[in-house]
file target.pdb (PDB, C-alpha atoms)
ATOM      1  CA  MET A   1     -39.299  -9.550  -9.131
ATOM      2  CA  ILE A   2     -36.069 -10.911 -10.518
ATOM      3  CA  GLN A   3     -36.716 -13.298 -13.377
ATOM      4  CA  GLU A   4     -33.263 -13.901 -14.834
ATOM      5  CA  SER A   5     -29.867 -14.222 -13.199
ATOM      6  CA  ALA A   6     -28.541 -10.972 -14.646
ATOM      7  CA  ALA A   7     -31.723  -9.052 -13.911
ATOM      8  CA  PHE A   8     -31.883  -5.899 -11.865
ATOM      9  CA  LEU A   9     -34.435  -3.544 -10.389
ATOM     10  CA  ILE A  10     -34.290   0.194  -9.970
ATOM     11  CA  ARG A  11     -36.521   1.579  -7.257
ATOM     12  CA  THR A  12     -37.559   5.181  -7.467
ATOM     13  CA  PRO A  13     -40.123   6.980  -5.326
ATOM     14  CA  MET A  14     -42.718   7.158  -8.115
ATOM     15  CA  ARG A  15     -42.219   3.908 -10.038
ATOM     16  CA  MET A  16     -40.336   0.657 -10.216
ATOM     17  CA  LEU A  17     -38.469  -0.183 -13.410
ATOM     18  CA  SER A  18     -37.047  -3.565 -14.284
ATOM     19  CA  SER A  19     -34.790  -4.703 -17.043
ATOM     20  CA  THR A  20     -32.371  -7.454 -17.913
ATOM     21  CA  ASN A  21     -28.880  -7.457 -19.288
ATOM     22  CA  ASN A  22     -27.354 -10.781 -20.243
ATOM     23  CA  HIS A  23     -23.865  -9.428 -20.908
ATOM     24  CA  ALA A  24     -21.711 -10.154 -17.842
ATOM     25  CA  GLY A  25     -19.384  -7.276 -17.055
ATOM     26  CA  SER A  26     -21.308  -4.651 -19.002
ATOM     27  CA  ILE A  27     -22.893  -1.601 -17.382
ATOM     28  CA  LYS A  28     -26.196  -2.260 -15.632
ATOM     29  CA  ALA A  29     -28.400   0.452 -14.181
ATOM     30  CA  GLY A  30     -27.026   1.424 -10.805
ATOM     31  CA  MET A  31     -23.736  -0.455 -11.278
ATOM     32  CA  LYS A  32     -20.614   1.166 -12.722
ATOM     33  CA  GLU A  33     -17.816  -0.531 -14.607
ATOM     34  CA  LEU A  34     -14.512  -1.185 -12.863
ATOM     35  CA  PRO A  35     -11.975   1.382 -14.136
ATOM     36  CA  ALA A  36      -9.327  -0.123 -16.417
ATOM     37  CA  ALA A  37      -6.390   1.350 -14.467
ATOM     38  CA  VAL A  38      -7.116  -0.258 -11.075
ATOM     39  CA  VAL A  39      -4.767  -2.676  -9.310
ATOM     40  CA  LYS A  40      -5.962  -5.541  -7.097
ATOM     41  CA  TYR A  41      -4.499  -5.310  -3.591
ATOM     42  CA  SER A  42      -6.601  -7.666  -1.488
ATOM     43  CA  GLN A  43      -9.342 -10.259  -1.307
ATOM     44  CA  ILE A  44     -11.632 -11.425   1.499
ATOM     45  CA  PRO A  45     -11.654 -14.037   2.719
ATOM     46  CA  LYS A  46      -8.023 -14.876   1.989
ATOM     47  CA  GLY A  47      -7.639 -18.374   0.515
ATOM     48  CA  LYS A  48     -11.274 -19.282   1.278
ATOM     49  CA  VAL A  49     -14.821 -18.320   0.260
ATOM     50  CA  PHE A  50     -17.712 -16.817   2.171
ATOM     51  CA  THR A  51     -20.740 -19.095   2.543
ATOM     52  CA  LYS A  52     -24.242 -18.421   3.821
ATOM     53  CA  GLU A  53     -23.010 -19.350   7.307
ATOM     54  CA  THR A  54     -19.751 -17.359   7.222
ATOM     55  CA  ILE A  55     -20.749 -14.028   5.646
ATOM     56  CA  PRO A  56     -19.546 -11.325   8.077
ATOM     57  CA  ARG A  57     -22.354  -9.268   9.613
ATOM     58  CA  GLY A  58     -20.737  -6.141   8.198
ATOM     59  CA  LEU A  59     -21.423  -7.287   4.637
ATOM     60  CA  LEU A  60     -25.084  -8.070   5.378
ATOM     61  CA  LYS A  61     -25.844  -4.524   6.510
ATOM     62  CA  GLU A  62     -25.349  -1.223   4.717
ATOM     63  CA  HIS A  63     -21.657  -0.272   4.485
ATOM     64  CA  THR A  64     -19.168   1.464   2.172
ATOM     65  CA  THR A  65     -15.600   1.111   0.975
ATOM     66  CA  ARG A  66     -13.063   3.836   1.644
ATOM     67  CA  ALA A  67     -12.289   6.652  -0.787
ATOM     68  CA  GLY A  68     -10.503   5.260  -3.833
ATOM     69  CA  THR A  69     -11.314   1.613  -3.043
ATOM     70  CA  TRP A  70     -13.301  -0.358  -5.625
ATOM     71  CA  GLY A  71     -14.604  -3.866  -5.019
ATOM     72  CA  VAL A  72     -15.638  -6.822  -7.131
ATOM     73  CA  ILE A  73     -17.964  -9.510  -5.806
ATOM     74  CA  GLN A  74     -17.204 -12.837  -7.499
ATOM     75  CA  VAL A  75     -19.769 -15.610  -6.921
ATOM     76  CA  SER A  76     -18.328 -19.099  -7.486
ATOM     77  CA  LYS A  77     -21.401 -21.090  -6.417
ATOM     78  CA  GLY A  78     -25.086 -20.390  -5.812
ATOM     79  CA  GLU A  79     -26.747 -16.973  -5.833
ATOM     80  CA  LEU A  80     -26.168 -13.698  -3.976
ATOM     81  CA  GLU A  81     -28.170 -10.475  -3.879
ATOM     82  CA  TYR A  82     -26.093  -7.295  -4.231
ATOM     83  CA  GLN A  83     -27.970  -4.140  -3.311
ATOM     84  CA  ILE A  84     -26.614  -0.693  -4.143
ATOM     85  CA  ASN A  85     -28.343   1.803  -1.836
ATOM     86  CA  GLU A  86     -27.348   5.119  -3.429
ATOM     87  CA  PRO A  87     -27.725   7.348  -5.348
ATOM     88  CA  THR A  88     -30.684   5.244  -6.552
ATOM     89  CA  GLU A  89     -31.368   1.847  -5.043
ATOM     90  CA  SER A  90     -30.710  -1.067  -7.405
ATOM     91  CA  VAL A  91     -30.815  -4.773  -6.663
ATOM     92  CA  HIS A  92     -28.689  -7.261  -8.603
ATOM     93  CA  LYS A  93     -28.774 -11.045  -8.576
ATOM     94  CA  LEU A  94     -25.238 -12.410  -8.851
ATOM     95  CA  ASP A  95     -24.668 -16.074  -9.655
ATOM     96  CA  SER A  96     -22.003 -18.489 -10.779
ATOM     97  CA  THR A  97     -23.745 -19.737 -13.918
ATOM     98  CA  THR A  98     -23.720 -16.386 -15.721
ATOM     99  CA  GLN A  99     -20.484 -15.212 -14.072
ATOM    100  CA  THR A 100     -22.181 -11.905 -13.291
ATOM    101  CA  ARG A 101     -20.017  -9.907 -10.910
ATOM    102  CA  GLY A 102     -20.926  -7.071  -8.588
ATOM    103  CA  ILE A 103     -18.945  -3.856  -8.943
ATOM    104  CA  ILE A 104     -18.600  -1.874  -5.712
ATOM    105  CA  GLU A 105     -17.978   1.812  -6.202
ATOM    106  CA  PRO A 106     -15.890   3.769  -3.653
ATOM    107  CA  GLN A 107     -17.897   5.257  -0.773
ATOM    108  CA  ILE A 108     -21.277   4.098  -2.150
ATOM    109  CA  LYS A 109     -23.561   2.414   0.402
ATOM    110  CA  HIS A 110     -24.293  -1.217  -0.410
ATOM    111  CA  GLN A 111     -24.997  -4.631   1.144
ATOM    112  CA  VAL A 112     -25.357  -8.294   0.218
ATOM    113  CA  ALA A 113     -27.700 -11.149   1.136
ATOM    114  CA  PRO A 114     -27.523 -14.861   0.315
ATOM    115  CA  LEU A 115     -30.192 -16.064  -2.119
ATOM    116  CA  SER A 116     -29.265 -19.748  -1.962
ATOM    117  CA  ASP A 117     -28.059 -22.066   0.780
ATOM    118  CA  ASP A 118     -25.019 -23.096  -1.281
ATOM    119  CA  VAL A 119     -23.707 -19.584  -2.061
ATOM    120  CA  GLU A 120     -19.923 -19.133  -2.153
ATOM    121  CA  PHE A 121     -18.220 -15.843  -3.002
ATOM    122  CA  VAL A 122     -15.230 -13.586  -2.467
ATOM    123  CA  VAL A 123     -14.806  -9.823  -2.514
ATOM    124  CA  GLU A 124     -11.744  -8.455  -4.305
ATOM    125  CA  PHE A 125     -10.456  -4.947  -3.577
ATOM    126  CA  TYR A 126      -8.862  -2.630  -6.142
ATOM    127  CA  ARG A 127      -7.332   0.876  -6.049
ATOM    128  CA  LEU A 128      -6.325   3.440  -8.597
ATOM    129  CA  LEU A 129      -2.628   4.155  -8.250
ATOM    130  CA  GLY A 130      -1.841   7.204  -6.115
ATOM    131  CA  THR A 131      -5.208   7.358  -4.314
ATOM    132  CA  GLY A 132      -3.932   6.989  -0.773
ATOM    133  CA  PRO A 133      -3.006   4.292   1.718
ATOM    134  CA  VAL A 134      -4.633   0.872   1.769
ATOM    135  CA  VAL A 135      -6.440  -0.072   4.989
ATOM    136  CA  GLU A 136      -7.413  -3.750   4.949
ATOM    137  CA  LYS A 137      -8.715  -4.268   8.499
ATOM    138  CA  ARG A 138     -12.218  -2.834   8.872
ATOM    139  CA  GLU A 139     -14.740  -3.586  11.565
ATOM    140  CA  GLY A 140     -17.142  -6.306  10.451
ATOM    141  CA  LEU A 141     -15.177  -7.118   7.292
ATOM    142  CA  ARG A 142     -12.396  -9.261   8.763
ATOM    143  CA  ASP A 143     -11.898 -12.864   7.670
ATOM    144  CA  GLU A 144     -12.495 -14.246  11.147
ATOM    145  CA  GLN A 145     -15.912 -14.217  12.806
ATOM    146  CA  ASP A 146     -16.491 -12.308  16.055
TER     147      ASP A 146
END

call {"tool": "encode", "arguments": {"input": "target.pdb", "output": "structure tokens"}}
result
Amino acid sequence: MIQESAAFLIRTPMRMLSSTNNHAGSIKAGMKELPAAVVKYSQIPKGKVFTKETIPRGLLKEHTTRAGTWGVIQVSKGELEYQINEPTESVHKLDSTTQTRGIIEPQIKHQVAPLSDDVEFVVEFYRLLGTGPVVEKREGLRDEQD
């Protein structure tokens, strides 16, 4: 049960822990910090925002980023659930009022779900220099809908 906008849950087989952290951008259980040396190379959608109606199916189901690719979910309106599925499941409520952002770690399974009808967000992609080629087109993560 999420009670505050920056709240999170950690689910483990034997117990469920909950906690809150009101410091946007700080480390929360299950969510890493974005490394300082990363460089932004892309954003989806380009020049627009995702809404409840336009979120690509690929973001709504479990997926990963490629090796070396970090992501940042920026919510500009409404509320979005960001679920990290490994190594331990954690659920984060992202919203525009607290400017809480979701940090996506390379190759870690995750997914999102709208929590409000008015949600608007983008996903920014970052890489550490020298970590390989950038591949922007991925099935289910394109700007246009199928």

call {"tool": "closest_residue", "arguments": {"input": "target.pdb", "among": "A:Glu120, A:Glu53, A:Glu86, A:Glu81", "to": "Pro106 (chain A)", "atoms": "all atoms listed in the file"}}
result
A:Glu86

call {"tool": "closest_residue", "arguments": {"input": "target.pdb", "among": "A:Tyr41, A:Phe50, A:Trp70, A:Tyr82", "to": "Val112 (chain A)", "atoms": "all atoms listed in the file"}}
result
A:Tyr82

call {"tool": "residues_around", "arguments": {"input": "target.pdb", "residues": "Val72 (chain A)", "least_positions_apart": "5", "cutoff": "6 Å", "atoms": "only C-alpha atoms", "output": "compact mmCIF listing (two decimals) with C-alpha atoms, in the frame of the given file"}}
result
# COMPACT_ATOMS: atom_id res chain seq x y z
CA GLY A 102 -20.93 -7.07 -8.59
CA ILE A 103 -18.94 -3.86 -8.94
CA ILE A 104 -18.60 -1.87 -5.71
CA VAL A 123 -14.81 -9.82 -2.51
CA GLU A 124 -11.74 -8.46 -4.30

call {"tool": "closest_residue", "arguments": {"input": "target.pdb", "among": "A:Gln83, A:Val122, A:Lys32, A:Thr97", "to": "Ile44 (chain A)", "atoms": "only C-alpha atoms"}}
result
A:Val122

call {"tool": "closest_residue", "arguments": {"input": "target.pdb", "among": "A:Thr131, A:Gln111, A:Gln99, A:Gln74", "to": "Ala37 (chain A)", "atoms": "all atoms listed in the file"}}
result
A:Thr131

call {"tool": "residues_near_point", "arguments": {"input": "target.pdb", "point": "(-16.0, -14.4, 4.5)", "cutoff": "6 Å", "atoms": "only C-alpha atoms", "output": "list in words"}}
result
Pro45, Val49, Phe50, Thr54, Ile55, Pro56 and Asp143 of chain A

call {"tool": "write_last_selection", "arguments": {"input": "target.pdb", "atoms": "C-alpha atoms", "output": "mmCIF file, in the coordinates of the input"}}
result
data_model
loop_
_atom_site.group_PDB
_atom_site.id
_atom_site.type_symbol
_atom_site.label_atom_id
_atom_site.label_comp_id
_atom_site.auth_asym_id
_atom_site.auth_seq_id
_atom_site.Cartn_x
_atom_site.Cartn_y
_atom_site.Cartn_z
ATOM 1 C CA PRO A 45 -11.654 -14.037 2.719
ATOM 2 C CA VAL A 49 -14.821 -18.320 0.260
ATOM 3 C CA PHE A 50 -17.712 -16.817 2.171
ATOM 4 C CA THR A 54 -19.751 -17.359 7.222
ATOM 5 C CA ILE A 55 -20.749 -14.028 5.646
ATOM 6 C CA PRO A 56 -19.546 -11.325 8.077
ATOM 7 C CA ASP A 143 -11.898 -12.864 7.670
#

call {"tool": "atom_distance", "arguments": {"input": "target.pdb", "atom1": "CA of Thr98 (chain A)", "atom2": "CA of Glu33 (chain A)"}}
result
17.0 Å

call {"tool": "resolve_selection", "arguments": {"input": "target.pdb", "expression": "the PyMOL selection byres ((chain A and resi 65) around 10)", "output": "NGL selection string"}}
result
:A and (63-64 or 66-71 or 104-110 or 125 or 138)

call {"tool": "resolve_selection", "arguments": {"input": "target.pdb", "expression": "the PyMOL selection byres ((chain A and resi 76) around 6)", "output": "PyMOL selection string"}}
result
chain A and resi 75+77+96+120-121
